[in-house]
$ cat start.cif   # mmCIF, C-alpha atoms and all ligand atoms
data_upload
loop_
_atom_site.label_atom_id
_atom_site.label_comp_id
_atom_site.auth_asym_id
_atom_site.auth_seq_id
_atom_site.Cartn_x
_atom_site.Cartn_y
_atom_site.Cartn_z
CA MET A 354 -15.48 4.50 -19.02
CA ASP A 355 -12.15 2.68 -19.14
CA LYS A 356 -11.84 -0.80 -17.70
CA ILE A 357 -9.21 -1.10 -14.99
CA LEU A 358 -7.70 -4.25 -13.51
CA VAL A 359 -6.89 -4.09 -9.80
CA THR A 360 -4.75 -7.02 -8.65
CA GLY A 361 -5.00 -7.69 -4.92
CA GLY A 362 -8.13 -5.55 -5.04
CA LEU A 363 -9.66 -7.18 -1.96
CA GLY A 364 -6.67 -6.21 0.18
CA PHE A 365 -6.32 -3.20 2.48
CA ILE A 366 -5.10 -0.56 0.03
CA GLY A 367 -6.55 -2.32 -3.01
CA SER A 368 -10.13 -2.26 -1.71
CA HIS A 369 -9.92 1.43 -0.82
CA THR A 370 -8.56 2.14 -4.30
CA VAL A 371 -11.39 0.19 -5.97
CA VAL A 372 -13.88 2.43 -4.11
CA GLU A 373 -12.18 5.57 -5.41
CA LEU A 374 -11.96 4.17 -8.97
CA GLN A 375 -15.67 3.40 -8.93
CA ASN A 376 -16.40 6.85 -7.51
CA GLU A 377 -14.62 8.24 -10.58
CA GLY A 378 -16.78 6.08 -12.89
CA TYR A 379 -14.21 3.48 -13.92
CA GLU A 380 -15.25 -0.10 -14.64
CA VAL A 381 -13.23 -2.27 -12.24
CA VAL A 382 -12.24 -5.92 -12.45
CA ILE A 383 -10.51 -7.32 -9.36
CA VAL A 384 -8.31 -10.38 -9.27
CA ASP A 385 -7.23 -11.74 -5.92
CA ASN A 386 -6.10 -15.19 -4.73
CA LEU A 387 -7.68 -14.58 -1.30
CA SER A 388 -4.43 -15.65 0.42
CA ASN A 389 -4.43 -12.51 2.56
CA SER A 390 -7.95 -11.12 2.10
CA SER A 391 -11.59 -12.13 2.35
CA ILE A 392 -14.32 -12.34 -0.32
CA ASP A 393 -16.52 -10.39 2.15
CA VAL A 394 -14.54 -7.27 1.19
CA LEU A 395 -16.34 -7.35 -2.19
CA GLU A 396 -19.62 -6.79 -0.35
CA GLY A 397 -18.06 -3.98 1.67
CA ILE A 398 -16.94 -2.20 -1.53
CA THR A 399 -20.36 -2.71 -3.15
CA SER A 400 -22.18 -1.37 -0.10
CA ILE A 401 -20.10 1.82 -0.24
CA THR A 402 -20.34 2.54 -3.97
CA GLY A 403 -23.54 0.75 -4.91
CA LYS A 404 -21.67 -0.94 -7.78
CA LYS A 405 -20.33 -4.49 -7.55
CA PRO A 406 -16.90 -4.75 -9.19
CA LEU A 407 -16.18 -7.73 -11.44
CA PHE A 408 -14.18 -10.29 -9.48
CA GLU A 409 -12.15 -13.35 -10.49
CA LYS A 410 -10.24 -15.53 -8.05
CA LEU A 411 -6.83 -15.84 -9.68
CA ASP A 412 -3.34 -16.64 -8.48
CA LEU A 413 -0.99 -14.53 -10.58
CA LYS A 414 1.74 -17.16 -10.11
CA ASP A 415 -0.26 -19.40 -12.50
CA LYS A 416 1.01 -18.30 -15.92
CA GLU A 417 -1.65 -19.90 -18.14
CA PRO A 418 -4.68 -18.67 -16.15
CA VAL A 419 -3.14 -15.18 -16.25
CA GLU A 420 -2.86 -15.42 -20.05
CA ASP A 421 -6.46 -16.68 -20.28
CA PHE A 422 -7.63 -13.81 -18.07
CA PHE A 423 -6.10 -11.19 -20.37
CA LYS A 424 -7.53 -12.93 -23.44
CA LYS A 425 -10.97 -12.66 -21.86
CA HIS A 426 -10.50 -9.07 -20.67
CA ASN A 427 -8.64 -7.75 -23.70
CA ASN A 428 -10.16 -4.28 -23.32
CA ILE A 429 -8.28 -3.47 -20.12
CA LYS A 430 -6.82 0.04 -20.33
CA GLY A 431 -4.95 0.13 -17.04
CA VAL A 432 -3.67 -2.03 -14.20
CA ILE A 433 -3.11 -1.11 -10.57
CA HIS A 434 -0.92 -3.87 -9.18
CA PHE A 435 -1.24 -4.46 -5.42
CA ALA A 436 -1.05 -8.26 -5.32
CA ALA A 437 2.10 -9.17 -3.37
CA SER A 438 3.24 -10.57 -0.05
CA LYS A 439 4.14 -7.70 2.27
CA ALA A 440 5.21 -8.86 5.73
CA VAL A 441 8.79 -7.72 6.30
CA GLY A 442 9.55 -10.25 9.04
CA GLU A 443 8.01 -13.18 7.16
CA SER A 444 10.04 -12.29 4.07
CA VAL A 445 13.27 -12.82 6.05
CA GLN A 446 12.13 -16.34 6.96
CA GLU A 447 10.62 -17.18 3.53
CA PRO A 448 12.69 -15.36 0.87
CA LEU A 449 11.84 -17.74 -1.98
CA LEU A 450 8.11 -17.37 -1.30
CA TYR A 451 8.55 -13.59 -1.59
CA TYR A 452 10.70 -13.66 -4.73
CA GLU A 453 8.29 -16.06 -6.44
CA ASN A 454 5.11 -14.29 -5.37
CA ASN A 455 6.26 -10.69 -5.83
CA ILE A 456 8.52 -10.97 -8.85
CA SER A 457 7.24 -13.73 -11.16
CA THR A 458 3.69 -12.34 -10.96
CA LEU A 459 4.94 -8.90 -11.99
CA VAL A 460 6.76 -10.38 -15.00
CA TYR A 461 3.67 -12.33 -16.12
CA ILE A 462 1.49 -9.22 -15.96
CA LEU A 463 3.98 -7.06 -17.86
CA LYS A 464 4.22 -9.74 -20.57
CA GLU A 465 0.45 -9.53 -21.00
CA LEU A 466 0.50 -5.72 -21.09
CA LYS A 467 3.10 -5.91 -23.85
CA LYS A 468 0.43 -7.53 -26.05
CA LEU A 469 -2.02 -4.65 -25.62
CA PRO A 470 -2.04 -1.61 -27.95
CA SER A 471 -1.36 0.59 -24.93
CA ALA A 472 -1.29 0.00 -21.17
CA SER A 473 -1.12 2.22 -18.08
CA PHE A 474 0.49 0.47 -15.12
CA ILE A 475 0.55 1.62 -11.50
CA PHE A 476 2.95 -0.27 -9.23
CA SER A 477 2.58 -0.51 -5.46
CA SER A 478 6.02 0.34 -4.17
CA SER A 479 7.25 1.45 -0.78
CA CYS A 480 9.44 3.97 1.05
CA THR A 481 11.26 0.89 2.28
CA VAL A 482 13.41 1.21 -0.86
CA TYR A 483 15.17 4.17 0.79
CA GLY A 484 16.20 2.33 3.95
CA GLN A 485 17.43 4.92 6.45
CA ALA A 486 17.65 7.96 4.19
CA ASP A 487 20.58 10.30 4.81
CA GLU A 488 18.41 13.40 4.34
CA LEU A 489 14.91 14.11 5.62
CA PRO A 490 12.29 14.72 4.31
CA ILE A 491 12.89 12.03 1.66
CA THR A 492 12.66 13.01 -2.01
CA GLU A 493 12.29 10.64 -4.99
CA ASN A 494 15.95 11.35 -5.79
CA ALA A 495 17.13 9.90 -2.50
CA PRO A 496 19.39 6.92 -3.20
CA VAL A 497 17.81 3.49 -3.14
CA LYS A 498 19.72 1.62 -0.45
CA LEU A 499 20.60 -2.01 0.05
CA ALA A 500 17.30 -3.60 1.06
CA GLU A 501 16.98 -4.62 4.71
CA SER A 502 14.60 -7.48 3.86
CA PRO A 503 13.63 -9.68 0.92
CA TYR A 504 10.28 -7.88 0.96
CA GLY A 505 11.97 -4.51 0.45
CA ASN A 506 14.25 -6.09 -2.16
CA THR A 507 11.23 -7.28 -4.17
CA LYS A 508 10.02 -3.68 -4.33
CA GLN A 509 13.42 -2.48 -5.55
CA ILE A 510 13.70 -5.30 -8.09
CA GLY A 511 10.11 -4.70 -9.18
CA GLU A 512 10.85 -1.05 -9.91
CA GLU A 513 13.94 -2.02 -11.93
CA ILE A 514 11.97 -4.59 -13.95
CA ILE A 515 9.33 -1.97 -14.80
CA ARG A 516 11.93 0.69 -15.62
CA ASP A 517 13.83 -1.67 -17.96
CA THR A 518 10.57 -2.81 -19.60
CA CYS A 519 9.31 0.72 -20.21
CA LYS A 520 12.66 1.65 -21.78
CA VAL A 521 12.07 -0.77 -24.66
CA ILE A 522 8.27 -1.06 -24.81
CA PRO A 523 6.91 2.46 -25.38
CA THR A 524 3.30 1.28 -25.27
CA ILE A 525 3.64 0.55 -21.55
CA LYS A 526 3.43 3.68 -19.36
CA ALA A 527 4.17 3.14 -15.67
CA ILE A 528 4.23 4.92 -12.33
CA ALA A 529 5.69 3.45 -9.14
CA LEU A 530 4.03 4.85 -6.02
CA ARG A 531 6.30 4.70 -2.97
CA TYR A 532 3.98 4.59 0.03
CA PHE A 533 5.03 5.66 3.46
CA ASN A 534 2.93 4.13 6.24
CA PRO A 535 -0.69 3.48 5.18
CA VAL A 536 -3.15 3.63 8.13
CA GLY A 537 -6.84 4.14 8.88
CA SER A 538 -10.01 2.97 7.16
CA HIS A 539 -12.87 4.23 5.02
CA GLU A 540 -15.20 6.46 7.10
CA SER A 541 -18.10 4.03 6.49
CA ALA A 542 -16.21 1.31 8.45
CA LYS A 543 -17.33 -1.12 5.74
CA ILE A 544 -13.76 -1.83 4.64
CA GLY A 545 -10.45 -1.56 6.49
CA GLU A 546 -7.23 -3.30 7.44
CA LEU A 547 -7.72 -7.03 8.13
CA PRO A 548 -4.37 -8.36 9.34
CA ILE A 549 -4.37 -12.16 9.56
CA GLY A 550 -2.76 -13.39 12.77
CA VAL A 551 -0.69 -11.18 15.05
CA PRO A 552 -0.41 -7.73 13.44
CA GLN A 553 3.13 -6.72 12.45
CA ASN A 554 2.22 -3.05 11.99
CA LEU A 555 1.73 -0.49 14.74
CA VAL A 556 -1.82 0.76 14.16
CA PRO A 557 -3.67 -2.58 13.92
CA PHE A 558 -1.76 -3.69 17.02
CA ILE A 559 -2.94 -0.54 18.83
CA THR A 560 -6.60 -1.06 17.91
CA GLN A 561 -6.48 -4.79 18.74
CA THR A 562 -4.94 -3.99 22.13
CA ALA A 563 -7.61 -1.37 22.83
CA ILE A 564 -10.42 -3.76 21.90
CA GLY A 565 -8.94 -6.51 24.10
CA ILE A 566 -7.64 -9.02 21.54
CA ARG A 567 -4.01 -8.24 22.49
CA GLU A 568 -2.89 -7.90 26.07
CA GLN A 569 -0.43 -5.06 25.68
CA LEU A 570 1.36 -3.11 22.94
CA SER A 571 5.15 -3.34 22.97
CA VAL A 572 6.84 -0.13 21.89
CA PHE A 573 10.03 -1.21 20.15
CA GLY A 574 12.59 1.11 21.72
CA ASN A 575 12.60 4.62 23.13
CA ASP A 576 16.35 5.20 22.97
CA TYR A 577 16.47 6.49 19.40
CA PRO A 578 17.89 9.94 18.60
CA THR A 579 14.42 11.49 18.23
CA PRO A 580 12.55 14.03 20.41
CA ASP A 581 10.79 11.38 22.52
CA GLY A 582 13.17 8.49 21.76
CA THR A 583 10.72 6.49 19.62
CA CYS A 584 10.91 5.99 15.84
CA ILE A 585 9.34 8.47 13.48
CA ARG A 586 7.21 7.55 10.43
CA ASP A 587 4.92 9.28 7.93
CA TYR A 588 1.44 7.85 8.58
CA ILE A 589 -0.76 8.46 5.54
CA HIS A 590 -4.52 7.84 5.59
CA VAL A 591 -5.40 4.98 3.24
CA VAL A 592 -8.20 7.02 1.61
CA ASP A 593 -5.74 9.78 0.66
CA LEU A 594 -3.44 7.06 -0.66
CA ALA A 595 -6.26 5.48 -2.69
CA LYS A 596 -7.15 8.82 -4.28
CA ALA A 597 -3.53 9.30 -5.31
CA HIS A 598 -3.69 6.01 -7.25
CA VAL A 599 -6.65 7.23 -9.29
CA ILE A 600 -4.91 10.53 -10.02
CA ALA A 601 -1.71 8.74 -11.07
CA LEU A 602 -3.68 6.38 -13.32
CA LYS A 603 -5.50 9.31 -14.96
CA ARG A 604 -2.11 10.98 -15.60
CA LEU A 605 -1.13 7.98 -17.71
CA LEU A 606 -4.51 7.39 -19.40
CA GLU A 607 -4.56 11.05 -20.45
CA ASN A 608 -0.89 10.94 -21.52
CA LYS A 609 0.13 13.72 -19.14
CA HIS A 610 3.20 11.81 -17.96
CA LYS A 611 6.66 13.26 -18.56
CA SER A 612 8.34 9.91 -19.18
CA ASN A 613 6.96 6.42 -19.47
CA TYR A 614 8.38 5.44 -16.08
CA GLU A 615 7.94 7.81 -13.12
CA THR A 616 8.12 7.43 -9.33
CA PHE A 617 6.24 9.40 -6.66
CA ASN A 618 6.49 9.40 -2.87
CA LEU A 619 3.08 9.27 -1.19
CA GLY A 620 3.11 10.60 2.34
CA THR A 621 1.79 13.47 4.40
CA GLY A 622 5.22 15.11 4.69
CA LYS A 623 4.82 15.01 8.48
CA GLY A 624 6.72 12.65 10.76
CA SER A 625 5.00 11.23 13.84
CA SER A 626 6.67 9.22 16.61
CA VAL A 627 5.25 5.98 17.99
CA LEU A 628 4.28 7.76 21.22
CA GLU A 629 2.56 10.52 19.22
CA VAL A 630 0.52 7.87 17.39
CA ILE A 631 -0.44 6.29 20.71
CA HIS A 632 -1.44 9.68 22.15
CA SER A 633 -3.47 10.48 19.02
CA PHE A 634 -5.31 7.18 19.39
CA GLU A 635 -5.99 7.75 23.10
CA LYS A 636 -7.30 11.26 22.38
CA VAL A 637 -9.73 10.30 19.61
CA SER A 638 -10.88 6.99 21.17
CA GLY A 639 -11.04 8.02 24.81
CA GLU A 640 -9.31 4.69 25.57
CA LYS A 641 -6.21 4.43 27.75
CA LEU A 642 -3.80 2.19 25.85
CA ASN A 643 -1.89 -0.52 27.72
CA TYR A 644 1.69 -0.41 26.40
CA LYS A 645 5.24 -0.93 27.58
CA ILE A 646 8.62 0.09 26.23
CA VAL A 647 10.76 -2.88 25.14
CA GLY A 648 13.97 -3.29 23.12
CA ARG A 649 14.43 -2.11 19.54
CA ARG A 650 13.09 -4.18 16.61
CA GLU A 651 15.72 -5.45 14.15
CA GLY A 652 15.68 -3.55 10.87
CA ASP A 653 13.74 -0.50 12.02
CA VAL A 654 14.92 2.80 10.58
CA ILE A 655 15.06 5.75 12.99
CA SER A 656 13.04 8.20 10.97
CA ALA A 657 11.28 8.34 7.58
CA TYR A 658 8.89 10.93 6.22
CA ALA A 659 8.18 12.14 2.70
CA ASP A 660 9.08 15.25 0.77
CA THR A 661 5.68 15.60 -0.95
CA LYS A 662 6.64 18.36 -3.41
CA LYS A 663 6.81 16.19 -6.54
CA ALA A 664 3.40 14.57 -5.91
CA ASN A 665 1.92 17.98 -5.04
CA ASP A 666 3.35 19.70 -8.13
CA GLU A 667 3.17 16.92 -10.73
CA LEU A 668 0.09 14.98 -9.64
CA GLY A 669 -1.74 17.91 -8.08
CA TRP A 670 -2.32 15.62 -5.09
CA LYS A 671 -1.77 16.20 -1.40
CA SER A 672 -2.96 14.35 1.68
CA GLU A 673 -5.98 15.91 3.37
CA LEU A 674 -6.73 13.60 6.30
CA THR A 675 -4.84 13.84 9.60
CA LEU A 676 -3.33 11.31 11.97
CA ASP A 677 -6.33 11.85 14.26
CA ASP A 678 -8.68 11.09 11.34
CA ALA A 679 -6.74 7.89 10.69
CA MET A 680 -6.82 6.78 14.35
CA ARG A 681 -10.53 7.60 14.63
CA SER A 682 -11.38 5.55 11.51
CA ALA A 683 -9.09 2.67 12.47
CA TRP A 684 -10.76 2.45 15.88
CA LYS A 685 -14.28 2.63 14.36
CA TRP A 686 -13.36 -0.19 11.96
CA GLU A 687 -11.90 -2.36 14.74
CA GLN A 688 -15.10 -1.98 16.75
CA VAL A 689 -17.26 -2.91 13.74
CA VAL A 690 -15.10 -5.93 12.85
CA ARG A 691 -15.31 -7.21 16.45
CA GLY A 692 -19.05 -6.54 16.58
CA LYS A 693 -18.66 -4.07 19.43
C1 LIG B 701 5.99 1.56 12.62
C2 LIG B 701 6.70 1.95 13.91
C3 LIG B 701 7.98 0.17 14.88
C4 LIG B 701 4.64 -2.45 15.87
C5 LIG B 701 6.34 -1.40 7.46
C6 LIG B 701 7.04 -1.88 6.24
C7 LIG B 701 6.81 -0.92 5.11
C8 LIG B 701 5.33 -0.73 4.93
C9 LIG B 701 4.70 -0.23 6.20
C10 LIG B 701 4.50 -2.21 3.26
C11 LIG B 701 8.11 1.40 13.98
C12 LIG B 701 6.83 0.57 15.79
C13 LIG B 701 5.38 -1.37 15.40
C14 LIG B 701 4.58 -2.70 17.26
C15 LIG B 701 6.01 -0.81 17.65
N1 LIG B 701 4.73 -1.94 4.54
N2 LIG B 701 6.05 -0.58 16.28
N3 LIG B 701 5.27 -1.86 18.10
O1 LIG B 701 8.06 -0.92 9.93
O2 LIG B 701 7.58 1.55 9.47
O3 LIG B 701 6.88 -0.17 7.83
O4 LIG B 701 4.98 -1.22 7.22
O5 LIG B 701 4.77 -1.57 2.29
O6 LIG B 701 7.37 -1.47 3.95
O7 LIG B 701 8.42 -1.90 6.52
O8 LIG B 701 5.69 0.00 9.97
O9 LIG B 701 3.81 -0.25 11.54
O10 LIG B 701 5.61 -2.06 11.48
O11 LIG B 701 6.14 0.15 12.46
O12 LIG B 701 6.64 -0.07 18.43
O13 LIG B 701 3.92 -3.66 17.76
O14 LIG B 701 5.98 1.37 15.00
O15 LIG B 701 9.16 -0.05 15.64
O16 LIG B 701 8.91 2.35 14.64
P1 LIG B 701 7.17 0.12 9.37
P2 LIG B 701 5.25 -0.62 11.38
#
$ encode --input "start.cif" --output "structure tokens"
Amino acid sequence: MDKILVTGGLGFIGSHTVVELQNEGYEVVIVDNLSNSSIDVLEGITSITGKKPLFEKLDLKDKEPVEDFFKKHNNIKGVIHFAASKAVGESVQEPLLYYENNISTLVYILKELKKLPSASFIFSSSCTVYGQADELPITENAPVKLAESPYGNTKQIGEEIIRDTCKVIPTIKAIALRYFNPVGSHESAKIGELPIGVPQNLVPFITQTAIGIREQLSVFGNDYPTPDGTCIRDYIHVVDLAKAHVIALKRLLENKHKSNYETFNLGTGKGSSVLEVIHSFEKVSGEKLNYKIVGRREGDVISAYADTKKANDELGWKSELTLDDAMRSAWKWEQVVRGK
């Protein structure tokens, strides 16, 4: 079966995608610099699938080691590229770290793919490229807006780099997957989200509050023009998201793509407010969550949820797991991680 490189494969979405790739029979090699993940995740993946992926610690910012890696693994047929820094707030404080880590690494990988007879490339992008979309649900034709953070800008620039590369190098076929809000964990609770430090995202902050690591969840504003005043997002279960990566990769490997650069939104198509997420968590966990309403967070969009028609029609993929499934699995994972 084809050999697939997964960069950042020990991360949250990367590890779940490695599981689904192995379930489909692919040979997987993971590279990760362990800056935002743990080598223990390799054991978690292996315990789920029974197959230990190849792993090499590699920092994709180091040009020569990247070249050496591709010389050694010159039979790679596809790459799923997760490795990147992804904290919106941090990117505002450390723009150069984000441009170096998210852009130069992408260029180095594409230069290696150019040397291969053919390469299928899946890029981890984000709905953040849309900013506050004018129309909801958001389609892939929605205009890309001025990025609200260097992180979001690296996703926009990354897509442009890939698009321009694919225009002139026909042997590289690429798909950018624009995720909405990935949440939840594998049902086995052997892998999941492992935020380092204080979580920036809503769901890990909820589970850490419920387990007692955080005192109280702050809800960033309830004066938005939405039914209950809190922001709306499209929370997609990470396992559904992982499966979409395998389907997108297969589309390229089997040459079913319609052009050699395509983009797809990956969401459930359903918007959920912050309070609805909290209530879902309380329902499935039986825990009463300690939260308070505070002021708005800078840079938050009011509402974002996906129009899933293109992914449904073209990829034959749709999300199957619900918000309750995601909250249940996230809570189970939190309890396992904290040894409860
Ligand atoms: C969701 C909602 C917050 C924390 C970010 C990135 C995006 C993608 C997903 C990578 C918002 C509210 C949150 C808290 C809260 N990341 N919230 N209290 O901002 O939609 O998207 O993560 O690709 O690119 O921008 O996700 O989970 O941070 O926030 O009230 O402690 O929860 O205001 O309305 P976001 P989030």
$ closest_atom_pairs --input "start.cif" --of "chain A" --to "ligand LIG 701 (chain B)" --cutoff "6 Å" --atoms "all atoms listed in the file" --output "Markdown table"
| residue | atom | partner | partner_atom | distance |
| --- | --- | --- | --- | --- |
| A:Lys439 | CA | B:LIG701 | C10 | 5.6 |
| A:Val441 | CA | B:LIG701 | O7 | 5.8 |
| A:Ser479 | CA | B:LIG701 | O5 | 5.0 |
| A:Thr481 | CA | B:LIG701 | O6 | 4.8 |
| A:Asn534 | CA | B:LIG701 | C9 | 4.7 |
| A:Gln553 | CA | B:LIG701 | O10 | 5.4 |
| A:Asn554 | CA | B:LIG701 | O9 | 3.3 |
| A:Leu555 | CA | B:LIG701 | C4 | 3.7 |
| A:Phe558 | CA | B:LIG701 | O13 | 5.7 |
| A:Leu570 | CA | B:LIG701 | O13 | 5.8 |
| A:Ser571 | CA | B:LIG701 | N3 | 5.1 |
| A:Val572 | CA | B:LIG701 | O12 | 3.5 |
| A:Phe573 | CA | B:LIG701 | O12 | 4.0 |
| A:Cys584 | CA | B:LIG701 | O16 | 4.3 |
| A:Val627 | CA | B:LIG701 | O14 | 5.5 |
| A:Arg650 | CA | B:LIG701 | O15 | 5.8 |
| A:Asp653 | CA | B:LIG701 | O15 | 5.9 |
$ residues_around --input "start.cif" --residues "range 422-436 of chain A" --least-positions-apart "4" --cutoff "9 Å" --atoms "all atoms listed in the file" --output "count of residues only"
41
$ residues_near_point --input "start.cif" --point "(-16.5, 1.5, 13.2)" --cutoff "8 Å" --atoms "only C-alpha atoms" --output "tab-separated table (two decimals) with C-alpha atoms, in the coordinates of the input"
chain	number	residue	atom	x	y	z
A	540	GLU	CA	-15.20	6.46	7.10
A	541	SER	CA	-18.10	4.03	6.49
A	542	ALA	CA	-16.21	1.31	8.45
A	543	LYS	CA	-17.33	-1.12	5.74
A	682	SER	CA	-11.38	5.55	11.51
A	683	ALA	CA	-9.09	2.67	12.47
A	684	TRP	CA	-10.76	2.45	15.88
A	685	LYS	CA	-14.28	2.63	14.36
A	686	TRP	CA	-13.36	-0.19	11.96
A	687	GLU	CA	-11.90	-2.36	14.74
A	688	GLN	CA	-15.10	-1.98	16.75
A	689	VAL	CA	-17.26	-2.91	13.74
A	690	VAL	CA	-15.10	-5.93	12.85
$ residues_around --input "start.cif" --residues "Lys520 in chain A" --least-positions-apart "5" --cutoff "12 Å" --atoms "all atoms listed in the file" --output "list of chain:residue names"
A:Glu513, A:Ile514, A:Ile515, A:Ile525, A:Lys526, A:Ala527, A:Ser612, A:Asn613, A:Tyr614, A:Glu615
$ atom_distance --input "start.cif" --atom1 "CA of Val536 in chain A" --atom2 "CA of Glu453 in chain A"
27.0 Å
$ atom_distance --input "start.cif" --atom1 "CA of Ser390 in chain A" --atom2 "CA of Pro557 in chain A"
15.2 Å
$ closest_residue --input "start.cif" --among "A:Thr616, A:Thr507, A:Thr518, A:Thr562" --to "Ile631 in chain A" --atoms "only C-alpha atoms"
A:Thr562
$ atom_distance --input "start.cif" --atom1 "CA of Tyr532 in chain A" --atom2 "CA of Glu443 in chain A"
19.6 Å
$ closest_residue --input "start.cif" --among "A:Ile564, A:Ile600, A:Ala500, A:Val647" --to "Lys693 in chain A" --atoms "all atoms listed in the file"
A:Ile564
$ residues_around --input "start.cif" --residues "Lys662 in chain A" --least-positions-apart "5" --cutoff "9 Å" --atoms "all atoms listed in the file" --output "PyMOL selection string"
chain A and resi 492+618+622+667+671
$ closest_residue --input "start.cif" --among "A:Lys468, A:Arg567, A:His369, A:Arg681" --to "Gly639 in chain A" --atoms "only C-alpha atoms"
A:Arg681
$ closest_residue --input "start.cif" --among "A:Ser388, A:Leu642, A:Gly484, A:Glu512" --to "Pro548 in chain A" --atoms "only C-alpha atoms"
A:Ser388
$ build_atoms --input "start.cif" --residues "range 499-513 of chain A" --atoms "N, CA, C and O atoms" --output "short mmCIF file (atom, residue, chain, number, x, y, z; two decimals), in the coordinates of the input"
data_model
loop_
_atom_site.label_atom_id
_atom_site.label_comp_id
_atom_site.auth_asym_id
_atom_site.auth_seq_id
_atom_site.Cartn_x
_atom_site.Cartn_y
_atom_site.Cartn_z
N LEU A 499 20.64 -0.55 -0.04
CA LEU A 499 20.60 -2.01 0.05
C LEU A 499 19.40 -2.41 0.90
O LEU A 499 19.24 -1.93 2.03
N ALA A 500 18.54 -3.24 0.36
CA ALA A 500 17.30 -3.60 1.06
C ALA A 500 17.62 -4.30 2.37
O ALA A 500 18.59 -5.06 2.48
N GLU A 501 16.77 -4.01 3.38
CA GLU A 501 16.98 -4.62 4.71
C GLU A 501 16.19 -5.90 4.86
O GLU A 501 16.25 -6.56 5.88
N SER A 502 15.39 -6.23 3.80
CA SER A 502 14.60 -7.48 3.86
C SER A 502 14.30 -7.93 2.45
O SER A 502 14.28 -7.12 1.52
N PRO A 503 14.04 -9.21 2.25
CA PRO A 503 13.63 -9.68 0.92
C PRO A 503 12.38 -8.96 0.42
O PRO A 503 12.26 -8.63 -0.74
N TYR A 504 11.48 -8.63 1.37
CA TYR A 504 10.28 -7.88 0.96
C TYR A 504 10.71 -6.56 0.30
O TYR A 504 10.30 -6.26 -0.82
N GLY A 505 11.53 -5.81 1.00
CA GLY A 505 11.97 -4.51 0.45
C GLY A 505 12.73 -4.72 -0.84
O GLY A 505 12.58 -3.92 -1.79
N ASN A 506 13.49 -5.82 -0.93
CA ASN A 506 14.25 -6.09 -2.16
C ASN A 506 13.30 -6.36 -3.34
O ASN A 506 13.57 -5.94 -4.47
N THR A 507 12.18 -7.01 -3.07
CA THR A 507 11.23 -7.28 -4.17
C THR A 507 10.64 -5.97 -4.70
O THR A 507 10.30 -5.88 -5.88
N LYS A 508 10.53 -4.98 -3.86
CA LYS A 508 10.02 -3.68 -4.33
C LYS A 508 11.08 -2.99 -5.19
O LYS A 508 10.79 -2.43 -6.25
N GLN A 509 12.33 -3.09 -4.76
CA GLN A 509 13.42 -2.48 -5.55
C GLN A 509 13.56 -3.20 -6.89
O GLN A 509 13.61 -2.56 -7.95
N ILE A 510 13.58 -4.52 -6.85
CA ILE A 510 13.70 -5.30 -8.09
C ILE A 510 12.50 -5.04 -9.00
O ILE A 510 12.63 -4.85 -10.20
N GLY A 511 11.33 -4.96 -8.40
CA GLY A 511 10.11 -4.70 -9.18
C GLY A 511 10.21 -3.39 -9.92
O GLY A 511 9.90 -3.31 -11.12
N GLU A 512 10.70 -2.35 -9.24
CA GLU A 512 10.85 -1.05 -9.91
C GLU A 512 11.85 -1.15 -11.07
O GLU A 512 11.61 -0.59 -12.16
N GLU A 513 12.92 -1.89 -10.86
CA GLU A 513 13.94 -2.02 -11.93
C GLU A 513 13.38 -2.79 -13.13
O GLU A 513 13.62 -2.42 -14.28
#
